[in-house]
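Enquirer: Sending over final21.pdb (PDB, C-alpha atoms).
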ATOM      1  CA  MET B   1     -68.476  -8.440  62.349
ATOM      2  CA  ILE B   2     -70.181  -5.278  61.158
ATOM      3  CA  ASP B   3     -68.278  -2.142  62.080
ATOM      4  CA  LEU B   4     -70.579  -0.118  64.317
ATOM      5  CA  PRO B   5     -68.742   2.387  66.456
ATOM      6  CA  PRO B   6     -70.809   3.824  69.305
ATOM      7  CA  GLY B   7     -72.629   6.920  68.131
ATOM      8  CA  THR B   8     -73.285   5.557  64.654
ATOM      9  CA  GLU B   9     -76.599   6.993  63.488
ATOM     10  CA  LEU B  10     -79.098   4.583  61.988
ATOM     11  CA  GLU B  11     -80.864   5.662  58.824
ATOM     12  CA  PRO B  12     -84.425   6.775  59.571
ATOM     13  CA  ARG B  13     -87.158   4.440  58.310
ATOM     14  CA  LYS B  14     -90.578   5.859  57.550
ATOM     15  CA  ARG B  15     -93.976   4.302  57.384
ATOM     16  CA  THR B  16     -97.345   5.954  56.889
ATOM     17  CA  VAL B  17    -100.023   4.334  59.024
ATOM     18  CA  LEU B  18    -103.304   3.557  57.289
ATOM     19  CA  ARG B  19    -106.524   2.155  58.659
ATOM     20  CA  GLU B  20    -106.016  -1.129  56.826
ATOM     21  CA  ASP B  21    -102.544  -1.463  58.384
ATOM     22  CA  VAL B  22    -103.964  -1.129  61.875
ATOM     23  CA  LYS B  23    -106.748  -3.593  61.047
ATOM     24  CA  ALA B  24    -104.198  -6.051  59.635
ATOM     25  CA  TYR B  25    -102.131  -5.707  62.804
ATOM     26  CA  ALA B  26    -105.211  -6.264  64.996
ATOM     27  CA  ASP B  27    -106.016  -9.492  63.163
ATOM     28  CA  ALA B  28    -102.446 -10.788  63.087
ATOM     29  CA  SER B  29    -101.658  -9.956  66.714
ATOM     30  CA  GLY B  30    -105.082 -10.801  68.133
ATOM     31  CA  ASP B  31    -105.383  -7.407  69.834
ATOM     32  CA  GLN B  32    -108.956  -6.447  68.910
ATOM     33  CA  ASN B  33    -109.276  -3.535  71.344
ATOM     34  CA  PRO B  34    -111.908  -1.234  69.755
ATOM     35  CA  LEU B  35    -109.606   1.726  70.468
ATOM     36  CA  HIS B  36    -107.749   0.610  67.339
ATOM     37  CA  GLN B  37    -110.780   0.001  65.104
ATOM     38  CA  ASP B  38    -113.786   2.021  66.181
ATOM     39  CA  ASP B  39    -113.585   5.802  65.792
ATOM     40  CA  ALA B  40    -116.652   6.442  67.950
ATOM     41  CA  PHE B  41    -115.176   4.361  70.768
ATOM     42  CA  ALA B  42    -111.789   6.082  70.445
ATOM     43  CA  ARG B  43    -113.449   9.511  70.649
ATOM     44  CA  GLU B  44    -115.424   8.429  73.680
ATOM     45  CA  VAL B  45    -112.201   7.694  75.541
ATOM     46  CA  GLY B  46    -110.585  10.957  74.512
ATOM     47  CA  PHE B  47    -108.742  10.427  71.258
ATOM     48  CA  PRO B  48    -109.549  12.179  67.974
ATOM     49  CA  GLY B  49    -110.128   8.798  66.334
ATOM     50  CA  VAL B  50    -108.680   5.332  66.049
ATOM     51  CA  ILE B  51    -105.044   5.078  67.142
ATOM     52  CA  ALA B  52    -102.459   2.494  66.154
ATOM     53  CA  HIS B  53    -101.445  -0.194  68.624
ATOM     54  CA  GLY B  54     -98.297   0.642  70.575
ATOM     55  CA  MET B  55     -97.026  -2.728  69.463
ATOM     56  CA  PHE B  56     -97.630  -1.770  65.821
ATOM     57  CA  THR B  57     -95.153   1.057  66.309
ATOM     58  CA  MET B  58     -92.772  -1.178  68.257
ATOM     59  CA  GLY B  59     -93.072  -3.753  65.460
ATOM     60  CA  HIS B  60     -92.015  -1.129  62.930
ATOM     61  CA  LEU B  61     -89.037  -0.380  65.143
ATOM     62  CA  ALA B  62     -88.121  -4.074  65.364
ATOM     63  CA  SER B  63     -88.434  -4.410  61.582
ATOM     64  CA  SER B  64     -86.124  -1.435  61.276
ATOM     65  CA  VAL B  65     -83.513  -3.179  63.432
ATOM     66  CA  ALA B  66     -83.663  -6.116  61.018
ATOM     67  CA  GLU B  67     -82.955  -3.690  58.163
ATOM     68  CA  TRP B  68     -80.190  -1.845  60.000
ATOM     69  CA  LEU B  69     -78.463  -4.996  61.237
ATOM     70  CA  PRO B  70     -79.160  -7.787  58.765
ATOM     71  CA  GLY B  71     -78.873 -11.176  60.408
ATOM     72  CA  ALA B  72     -78.844  -9.801  63.955
ATOM     73  CA  GLU B  73     -81.017 -11.545  66.531
ATOM     74  CA  LEU B  74     -82.878  -9.483  69.097
ATOM     75  CA  ARG B  75     -82.010 -10.371  72.682
ATOM     76  CA  SER B  76     -84.108  -7.730  74.384
ATOM     77  CA  MET B  77     -86.269  -4.771  73.517
ATOM     78  CA  LYS B  78     -87.857  -2.270  75.853
ATOM     79  CA  ALA B  79     -90.077   0.601  74.817
ATOM     80  CA  GLN B  80     -92.295   3.177  76.431
ATOM     81  CA  PHE B  81     -95.294   4.476  74.525
ATOM     82  CA  ARG B  82     -95.621   8.171  75.098
ATOM     83  CA  SER B  83     -97.808   9.590  72.370
ATOM     84  CA  ALA B  84    -100.609   8.213  70.235
ATOM     85  CA  VAL B  85    -100.097   7.362  66.561
ATOM     86  CA  LEU B  86    -103.091   8.485  64.508
ATOM     87  CA  LEU B  87    -104.227   7.220  61.132
ATOM     88  CA  GLY B  88    -102.362   9.061  58.386
ATOM     89  CA  ASP B  89     -99.342   9.719  60.583
ATOM     90  CA  THR B  90     -95.937   8.938  59.138
ATOM     91  CA  ILE B  91     -93.924   7.240  61.846
ATOM     92  CA  VAL B  92     -90.159   7.510  61.580
ATOM     93  CA  ALA B  93     -87.924   4.967  63.299
ATOM     94  CA  GLY B  94     -84.451   6.180  64.137
ATOM     95  CA  GLY B  95     -81.656   5.611  66.559
ATOM     96  CA  ARG B  96     -77.986   5.226  67.218
ATOM     97  CA  VAL B  97     -75.501   2.642  68.362
ATOM     98  CA  ARG B  98     -74.845   2.938  72.070
ATOM     99  CA  ASP B  99     -72.318   0.221  72.691
ATOM    100  CA  VAL B 100     -70.713  -2.801  71.079
ATOM    101  CA  ASP B 101     -69.592  -5.754  73.167
ATOM    102  CA  HIS B 102     -67.175  -7.654  70.963
ATOM    103  CA  ASP B 103     -66.683 -10.442  73.488
ATOM    104  CA  ALA B 104     -70.390 -11.123  73.808
ATOM    105  CA  GLY B 105     -71.010 -10.377  70.130
ATOM    106  CA  THR B 106     -73.798  -7.988  70.989
ATOM    107  CA  VAL B 107     -74.698  -4.429  70.177
ATOM    108  CA  ALA B 108     -76.817  -2.075  72.276
ATOM    109  CA  LEU B 109     -78.991   0.417  70.422
ATOM    110  CA  GLU B 110     -80.882   3.468  71.561
ATOM    111  CA  LEU B 111     -83.930   3.934  69.375
ATOM    112  CA  TRP B 112     -86.966   6.150  68.983
ATOM    113  CA  VAL B 113     -90.023   6.705  66.828
ATOM    114  CA  THR B 114     -91.121  10.205  65.925
ATOM    115  CA  VAL B 115     -94.076  11.759  64.122
ATOM    116  CA  ASP B 116     -93.964  15.215  62.621
ATOM    117  CA  ARG B 117     -97.513  16.445  63.057
ATOM    118  CA  GLU B 118     -98.066  19.872  61.558
ATOM    119  CA  GLY B 119     -94.577  20.966  62.512
ATOM    120  CA  THR B 120     -94.745  19.565  66.047
ATOM    121  CA  LEU B 121     -92.446  16.642  66.683
ATOM    122  CA  GLU B 122     -94.175  13.941  68.726
ATOM    123  CA  HIS B 123     -92.456  10.898  70.189
ATOM    124  CA  PRO B 124     -94.717   7.834  70.107
ATOM    125  CA  ILE B 125     -91.633   6.021  71.387
ATOM    126  CA  LYS B 126     -89.251   8.453  73.008
ATOM    127  CA  ARG B 127     -86.637   5.917  73.923
ATOM    128  CA  ALA B 128     -86.380   2.222  73.245
ATOM    129  CA  GLU B 129     -83.468   0.065  74.276
ATOM    130  CA  VAL B 130     -82.460  -2.894  72.188
ATOM    131  CA  VAL B 131     -79.747  -5.481  72.627
ATOM    132  CA  ALA B 132     -79.052  -7.616  69.570
ATOM    133  CA  SER B 133     -76.517 -10.282  68.797
ATOM    134  CA  LEU B 134     -74.474  -9.639  65.693
ATOM    135  CA  PRO B 135     -73.883 -12.243  63.049
ATOM    136  CA  ARG B 136     -70.296 -13.462  63.172
TER
ATOM    137  CA  MET P   1    -116.562  17.473  71.581
ATOM    138  CA  GLY P   2    -114.664  20.385  70.115
ATOM    139  CA  ARG P   3    -112.349  20.589  67.187
ATOM    140  CA  PHE P   4    -109.719  18.036  66.349
ATOM    141  CA  PRO P   5    -107.479  18.054  69.432
ATOM    142  CA  LYS P   6    -103.895  19.103  69.001
ATOM    143  CA  ALA P   7    -101.312  16.399  69.023
ATOM    144  CA  SER P   8     -99.930  17.573  72.334
ATOM    145  CA  CYS P   9    -103.346  16.981  73.905
ATOM    146  CA  VAL P  10    -103.285  13.454  72.573
ATOM    147  CA  ALA P  11     -99.874  12.953  74.095
ATOM    148  CA  ARG P  12    -101.085  14.231  77.408
ATOM    149  CA  ARG P  13    -103.994  11.839  77.360
ATOM    150  CA  LEU P  14    -101.581   8.955  77.368
ATOM    151  CA  LEU P  15    -100.347  10.203  80.688
ATOM    152  CA  PRO P  16    -103.574  10.992  82.427
ATOM    153  CA  SER P  17    -104.327  14.322  83.978
ATOM    154  CA  CYS P  18    -105.623  14.799  87.475
ATOM    155  CA  HIS P  19    -109.341  14.221  86.931
ATOM    156  CA  VAL P  20    -109.337  11.469  89.483
ATOM    157  CA  SER P  21    -112.418   9.446  90.112
ATOM    158  CA  GLY P  22    -111.406   6.117  91.495
ATOM    159  CA  ALA P  23    -109.611   4.175  88.826
ATOM    160  CA  SER P  24    -109.229   0.916  90.579
ATOM    161  CA  VAL P  25    -108.102  -2.570  89.915
ATOM    162  CA  ASN P  26    -107.951  -5.185  92.612
ATOM    163  CA  ALA P  27    -104.447  -4.869  94.048
ATOM    164  CA  ALA P  28    -104.936  -8.034  96.092
ATOM    165  CA  LEU P  29    -104.266 -10.006  92.918
ATOM    166  CA  VAL P  30    -100.541  -9.251  92.713
ATOM    167  CA  GLY P  31     -98.806 -12.572  92.250
ATOM    168  CA  LYS P  32    -101.812 -14.299  90.718
ATOM    169  CA  VAL P  33    -100.796 -16.773  88.025
ATOM    170  CA  TYR P  34    -103.234 -17.389  85.186
ATOM    171  CA  PRO P  35    -103.777 -20.549  83.140
ATOM    172  CA  ALA P  36    -101.111 -21.464  80.620
ATOM    173  CA  VAL P  37    -102.276 -21.062  77.034
ATOM    174  CA  ARG P  38    -100.976 -23.113  74.130
ATOM    175  CA  PHE P  39    -100.166 -21.267  70.938
ATOM    176  CA  SER P  40     -99.021 -22.826  67.666
ATOM    177  CA  VAL P  41     -96.827 -20.640  65.482
ATOM    178  CA  SER P  42     -98.449 -21.157  62.101
ATOM    179  CA  PRO P  43     -96.722 -19.942  58.944
ATOM    180  CA  ASP P  44     -99.920 -18.162  57.867
ATOM    181  CA  ARG P  45    -100.184 -16.207  61.087
ATOM    182  CA  VAL P  46     -96.489 -15.292  60.884
ATOM    183  CA  ALA P  47     -96.916 -14.112  57.285
ATOM    184  CA  ALA P  48     -99.888 -11.946  58.252
ATOM    185  CA  PHE P  49     -97.985 -10.492  61.184
ATOM    186  CA  ALA P  50     -94.837  -9.800  59.162
ATOM    187  CA  GLY P  51     -96.952  -8.127  56.494
ATOM    188  CA  ALA P  52     -98.671  -5.916  59.046
ATOM    189  CA  ILE P  53     -95.447  -4.567  60.543
ATOM    190  CA  GLY P  54     -93.559  -4.405  57.250
ATOM    191  CA  ALA P  55     -91.004  -7.056  58.192
ATOM    192  CA  GLU P  56     -89.002  -8.583  55.393
ATOM    193  CA  GLY P  57     -86.777 -11.627  55.405
ATOM    194  CA  ASP P  58     -87.338 -15.230  56.426
ATOM    195  CA  GLU P  59     -87.154 -14.924  60.209
ATOM    196  CA  VAL P  60     -90.250 -14.853  62.371
ATOM    197  CA  PRO P  61     -90.468 -11.210  63.514
ATOM    198  CA  PRO P  62     -89.305 -11.095  67.152
ATOM    199  CA  THR P  63     -92.335  -9.084  68.233
ATOM    200  CA  PHE P  64     -94.532 -11.924  67.011
ATOM    201  CA  ALA P  65     -94.234 -12.792  70.708
ATOM    202  CA  THR P  66     -97.109 -10.329  71.132
ATOM    203  CA  ALA P  67     -99.545 -12.838  69.579
ATOM    204  CA  PRO P  68     -99.168 -15.597  72.215
ATOM    205  CA  GLU P  69     -98.827 -12.930  74.900
ATOM    206  CA  ILE P  70    -102.172 -11.355  74.004
ATOM    207  CA  GLU P  71    -103.832 -14.750  73.719
ATOM    208  CA  ALA P  72    -102.686 -15.599  77.244
ATOM    209  CA  MET P  73    -103.507 -12.167  78.685
ATOM    210  CA  ARG P  74    -107.144 -12.497  77.718
ATOM    211  CA  SER P  75    -107.816 -14.369  80.958
ATOM    212  CA  VAL P  76    -106.163 -11.523  82.908
ATOM    213  CA  ILE P  77    -108.139  -8.788  81.184
ATOM    214  CA  ASP P  78    -111.404 -10.703  81.550
ATOM    215  CA  ASP P  79    -110.736 -11.757  85.153
ATOM    216  CA  PRO P  80    -113.819 -10.574  87.086
ATOM    217  CA  GLU P  81    -111.739 -10.482  90.278
ATOM    218  CA  LEU P  82    -109.390  -7.921  88.734
ATOM    219  CA  GLU P  83    -112.227  -5.475  87.954
ATOM    220  CA  LEU P  84    -110.335  -4.016  85.021
ATOM    221  CA  ASP P  85    -112.250  -1.540  82.873
ATOM    222  CA  PHE P  86    -110.575  -2.262  79.574
ATOM    223  CA  SER P  87    -112.080   0.841  77.941
ATOM    224  CA  ARG P  88    -109.737   2.908  80.121
ATOM    225  CA  VAL P  89    -106.627   0.866  79.476
ATOM    226  CA  ILE P  90    -103.623   2.180  77.566
ATOM    227  CA  HIS P  91    -100.522   0.211  76.743
ATOM    228  CA  ALA P  92     -97.721   2.213  78.371
ATOM    229  CA  ASP P  93     -94.644   0.051  78.312
ATOM    230  CA  GLN P  94     -93.370  -3.210  76.861
ATOM    231  CA  LEU P  95     -90.318  -5.383  77.415
ATOM    232  CA  TYR P  96     -89.281  -8.573  75.644
ATOM    233  CA  GLU P  97     -86.300 -10.714  76.501
ATOM    234  CA  TRP P  98     -85.648 -13.473  74.000
ATOM    235  CA  ARG P  99     -83.750 -16.619  74.826
ATOM    236  CA  ARG P 100     -83.974 -17.820  71.258
ATOM    237  CA  PRO P 101     -85.792 -16.690  68.110
ATOM    238  CA  ILE P 102     -89.373 -17.885  67.642
ATOM    239  CA  ALA P 103     -89.647 -20.404  64.776
ATOM    240  CA  ARG P 104     -92.517 -21.460  62.545
ATOM    241  CA  GLY P 105     -94.001 -24.679  63.861
ATOM    242  CA  ASP P 106     -93.149 -23.865  67.481
ATOM    243  CA  VAL P 107     -95.825 -24.943  69.915
ATOM    244  CA  LEU P 108     -95.514 -22.338  72.623
ATOM    245  CA  THR P 109     -97.046 -22.171  76.048
ATOM    246  CA  ALA P 110     -97.640 -18.723  77.526
ATOM    247  CA  THR P 111     -98.288 -18.219  81.229
ATOM    248  CA  PRO P 112     -99.207 -14.744  82.460
ATOM    249  CA  SER P 113     -99.076 -13.497  86.012
ATOM    250  CA  ILE P 114     -99.688 -10.177  87.707
ATOM    251  CA  GLU P 115     -96.315  -8.812  88.671
ATOM    252  CA  SER P 116     -97.361  -5.534  90.238
ATOM    253  CA  ILE P 117    -100.155  -3.032  90.635
ATOM    254  CA  ARG P 118     -99.406   0.489  91.751
ATOM    255  CA  SER P 119    -100.931   3.931  91.631
ATOM    256  CA  LYS P 120     -99.451   6.893  89.871
ATOM    257  CA  ALA P 121    -101.029  10.308  89.491
ATOM    258  CA  GLY P 122    -104.563   9.005  89.829
ATOM    259  CA  SER P 123    -104.011   6.154  87.399
ATOM    260  CA  GLU P 124    -103.030   2.619  88.091
ATOM    261  CA  LEU P 125    -100.164   0.739  86.542
ATOM    262  CA  LEU P 126    -100.759  -2.941  86.038
ATOM    263  CA  VAL P 127     -97.718  -5.016  85.103
ATOM    264  CA  VAL P 128     -98.354  -8.432  83.590
ATOM    265  CA  ALA P 129     -95.390 -10.758  83.090
ATOM    266  CA  THR P 130     -95.839 -13.573  80.595
ATOM    267  CA  GLU P 131     -93.377 -16.441  80.348
ATOM    268  CA  ILE P 132     -93.365 -18.165  76.983
ATOM    269  CA  VAL P 133     -91.757 -21.590  76.660
ATOM    270  CA  ASP P 134     -91.513 -24.149  73.873
ATOM    271  CA  ALA P 135     -92.927 -27.686  73.688
ATOM    272  CA  ALA P 136     -89.916 -28.992  75.630
ATOM    273  CA  GLY P 137     -90.477 -26.412  78.359
ATOM    274  CA  ALA P 138     -87.382 -24.421  77.396
ATOM    275  CA  PRO P 139     -87.754 -20.629  77.716
ATOM    276  CA  VAL P 140     -88.244 -18.737  74.460
ATOM    277  CA  VAL P 141     -89.252 -15.231  75.465
ATOM    278  CA  SER P 142     -90.271 -13.317  78.579
ATOM    279  CA  ALA P 143     -92.721 -10.484  78.101
ATOM    280  CA  ARG P 144     -93.581  -7.696  80.466
ATOM    281  CA  CYS P 145     -96.544  -5.516  79.617
ATOM    282  CA  THR P 146     -97.411  -2.375  81.563
ATOM    283  CA  LEU P 147    -100.978  -1.187  81.226
ATOM    284  CA  VAL P 148    -102.153   2.160  82.518
ATOM    285  CA  VAL P 149    -105.717   2.254  83.742
ATOM    286  CA  ARG P 150    -106.740   5.860  83.319
ATOM    287  CA  PRO P 151    -109.119   7.479  85.736
ATOM    288  CA  GLU P 152    -112.576   8.171  84.410
ATOM    289  CA  ARG P 153    -112.561  11.646  82.998
ATOM    290  CA  THR P 154    -114.873  14.072  84.629
ATOM    291  CA  GLY P 155    -116.160  17.089  82.779
ATOM    292  CA  ALA P 156    -114.462  18.236  79.536
TER
END
Would you write out, as structure tokens, the structure that this file holds?
Expert:
Amino acid sequence: MIDLPPGTELEPRKRTVLREDVKAYADASGDQNPLHQDDAFAREVGFPGVIAHGMFTMGHLASSVAEWLPGAELRSMKAQFRSAVLLGDTIVAGGRVRDVDHDAGTVALELWVTVDREGTLEHPIKRAEVVASLPR
Amino acid sequence: MGRFPKASCVARRLLPSCHVSGASVNAALVGKVYPAVRFSVSPDRVAAFAGAIGAEGDEVPPTFATAPEIEAMRSVIDDPELELDFSRVIHADQLYEWRRPIARGDVLTATPSIESIRSKAGSELLVVATEIVDAAGAPVVSARCTLVVRPERTGA
């Protein structure tokens, strides 16, 4: 089993969010809310323009888990969306190991997604909790 | 509208301010179960989804669960009894609990229900739970989606 003492920091994974990414996610997920495609609509409801789906950001986080823990299977994932991701933002997935249960073969992770926007650190996902089973 | 709002303003808009003017969904519908929706996990759809979120490897991305969940939630969002103004809806919170990984070729059935509706700071929180099972009826993933219905903004 992978050696993951609690507190182990996970290497940050970046992704810059482009309009075509958000469109591709809308088509693949089926979430065609105009908030994620139509700038005029997004402005009408108070955003500076189209924002990425929360689940786009959560998907990046889940993909990051697959990179951090190759072969692990997700058992649960919980996230709160706290700040909008705008087109052109670079989202950074990070986190640390919270706990390893050797008997159950699972690891608990505490994760987050940040955006550095003109020197201000935003937290599109301030805290996500993941439990994954580790390959044996 | 003024200049490009600062990021902190955007953040605040996710948690609505106090410009209350009757955001309302029909709280009598708590417990309502919506029609089950069948969803086939096609390799093409999985490939498109994996590409969109930057997932590598052979597994179906776990959050692919969102696709059948959204398909099933359409009947909730469009439910005239619920009186949901989708233009004021923000996705606030998401939980998935997997019983097994989703596989290509799975024929899933997703059944949404309204778990709770409550008010918070002039907004309403609508929690939709969706149970997703396979063709044999065995559980695959439970999803819980919290939507915030923001009050209509007045002024500004």
Enquirer: Return as a PyMOL selection string the set of residues that the PyMOL selection byres ((chain B) within 9 of (chain P)) yields on the displayed structure.
Expert: chain B and resi 15+21-31+33-35+41+43+45-48+53-64+66-67+73-84+117-118+120+122-124
Enquirer: Go through P:Ile77, P:Pro35, P:Ser42, P:Asp106 and flag the residue nearest P:Gly137, using all atoms listed in the file for the distances.
Expert: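 When distances to P:Gly137 are compared using all atoms listed in the file, the smallest one comes from P:Asp106.
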Enquirer: Record the distance separating atom CA of P:Ala136 and atom CA of B:Val130, expressed in Å with one decimal.
Expert: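 That distance, rounded to one decimal, is 27.4 Å.
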Enquirer: For a test of reading the model, state the distance in Å between atom CA of P:Glu81 and atom CA of P:Val149, rounded to one decimal.
Expert: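 Atom-to-atom, atom CA of P:Glu81 to atom CA of P:Val149, that is 15.5 Å.
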Enquirer: In Å to one decimal, how far is atom CA of B:Thr16 from atom CA of B:Leu87?
Expert: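 Between atom CA of B:Leu87 and atom CA of B:Thr16 the gap works out to 8.2 Å.
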Enquirer: Kindly indicate which residue among P:Ile102, P:Pro139, P:Val107, P:Leu82 lies nearest to P:Lys32, using all atoms listed in the file for the distances.
Expert: P:Leu82
Enquirer: Take the point (-96.3, 12.6, 64.0) as written in the file and pick out every residue within 7 Å of it, counting only C-alpha atoms; give the list as a list in words.
Expert: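 Checked against the point, the hits come out as Val85, Asp89, Thr90, Ile91, Thr114, Val115, Asp116, Arg117, Leu121 and Glu122 of chain B.
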Enquirer: As AutoDock Vina command-line options, please: the centre and edge lengths in Å, to one decimal, of an axis-aligned box enclosing every listed atom of stretch 59-66 of chain P with 3 Å added on each side.
Expert:
--center_x -92.1 --center_y -12.0 --center_z 65.7 --size_x 16.0 --size_y 11.8 --size_z 16.9
Enquirer: Where atoms are absent from stretch 63-76 of chain B, fill them in so it carries N, CA, C and O atoms, then output it as a JSON list (two decimals), in the frame of the given file.
Expert:
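Contents of the output file rebuild-v4.json:
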[["chain", "number", "residue", "atom", "x", "y", "z"],
["B", 63, "SER", "N", -88.72, -4.16, 63.00],
["B", 63, "SER", "CA", -88.43, -4.41, 61.58],
["B", 63, "SER", "C", -87.28, -3.54, 61.10],
["B", 63, "SER", "O", -86.47, -3.95, 60.27],
["B", 64, "SER", "N", -87.21, -2.34, 61.65],
["B", 64, "SER", "CA", -86.12, -1.44, 61.28],
["B", 64, "SER", "C", -84.78, -1.98, 61.74],
["B", 64, "SER", "O", -83.78, -1.89, 61.03],
["B", 65, "VAL", "N", -84.77, -2.58, 62.94],
["B", 65, "VAL", "CA", -83.51, -3.18, 63.43],
["B", 65, "VAL", "C", -83.05, -4.26, 62.46],
["B", 65, "VAL", "O", -81.87, -4.37, 62.15],
["B", 66, "ALA", "N", -84.01, -5.05, 61.96],
["B", 66, "ALA", "CA", -83.66, -6.12, 61.02],
["B", 66, "ALA", "C", -83.07, -5.54, 59.73],
["B", 66, "ALA", "O", -82.21, -6.16, 59.09],
["B", 67, "GLU", "N", -83.51, -4.35, 59.35],
["B", 67, "GLU", "CA", -82.96, -3.69, 58.16],
["B", 67, "GLU", "C", -81.59, -3.09, 58.46],
["B", 67, "GLU", "O", -80.67, -3.16, 57.64],
["B", 68, "TRP", "N", -81.45, -2.50, 59.64],
["B", 68, "TRP", "CA", -80.19, -1.84, 60.00],
["B", 68, "TRP", "C", -79.08, -2.86, 60.24],
["B", 68, "TRP", "O", -77.93, -2.62, 59.91],
["B", 69, "LEU", "N", -79.46, -3.98, 60.86],
["B", 69, "LEU", "CA", -78.46, -5.00, 61.24],
["B", 69, "LEU", "C", -78.89, -6.35, 60.67],
["B", 69, "LEU", "O", -79.39, -7.20, 61.40],
["B", 70, "PRO", "N", -78.69, -6.54, 59.37],
["B", 70, "PRO", "CA", -79.16, -7.79, 58.76],
["B", 70, "PRO", "C", -78.53, -9.00, 59.46],
["B", 70, "PRO", "O", -77.33, -9.02, 59.71],
["B", 71, "GLY", "N", -79.37, -9.95, 59.79],
["B", 71, "GLY", "CA", -78.87, -11.18, 60.41],
["B", 71, "GLY", "C", -78.74, -11.11, 61.91],
["B", 71, "GLY", "O", -78.48, -12.13, 62.56],
["B", 72, "ALA", "N", -78.94, -9.92, 62.49],
["B", 72, "ALA", "CA", -78.84, -9.80, 63.96],
["B", 72, "ALA", "C", -80.08, -10.44, 64.59],
["B", 72, "ALA", "O", -81.17, -10.42, 64.03],
["B", 73, "GLU", "N", -79.88, -11.00, 65.78],
["B", 73, "GLU", "CA", -81.02, -11.54, 66.53],
["B", 73, "GLU", "C", -81.29, -10.64, 67.73],
["B", 73, "GLU", "O", -80.36, -10.31, 68.48],
["B", 74, "LEU", "N", -82.55, -10.30, 67.93],
["B", 74, "LEU", "CA", -82.88, -9.48, 69.10],
["B", 74, "LEU", "C", -82.76, -10.31, 70.38],
["B", 74, "LEU", "O", -83.24, -11.43, 70.45],
["B", 75, "ARG", "N", -82.09, -9.74, 71.35],
["B", 75, "ARG", "CA", -82.01, -10.37, 72.68],
["B", 75, "ARG", "C", -83.01, -9.73, 73.63],
["B", 75, "ARG", "O", -83.63, -10.39, 74.43],
["B", 76, "SER", "N", -83.11, -8.41, 73.55],
["B", 76, "SER", "CA", -84.11, -7.73, 74.38],
["B", 76, "SER", "C", -84.54, -6.44, 73.71],
["B", 76, "SER", "O", -83.80, -5.85, 72.91]]
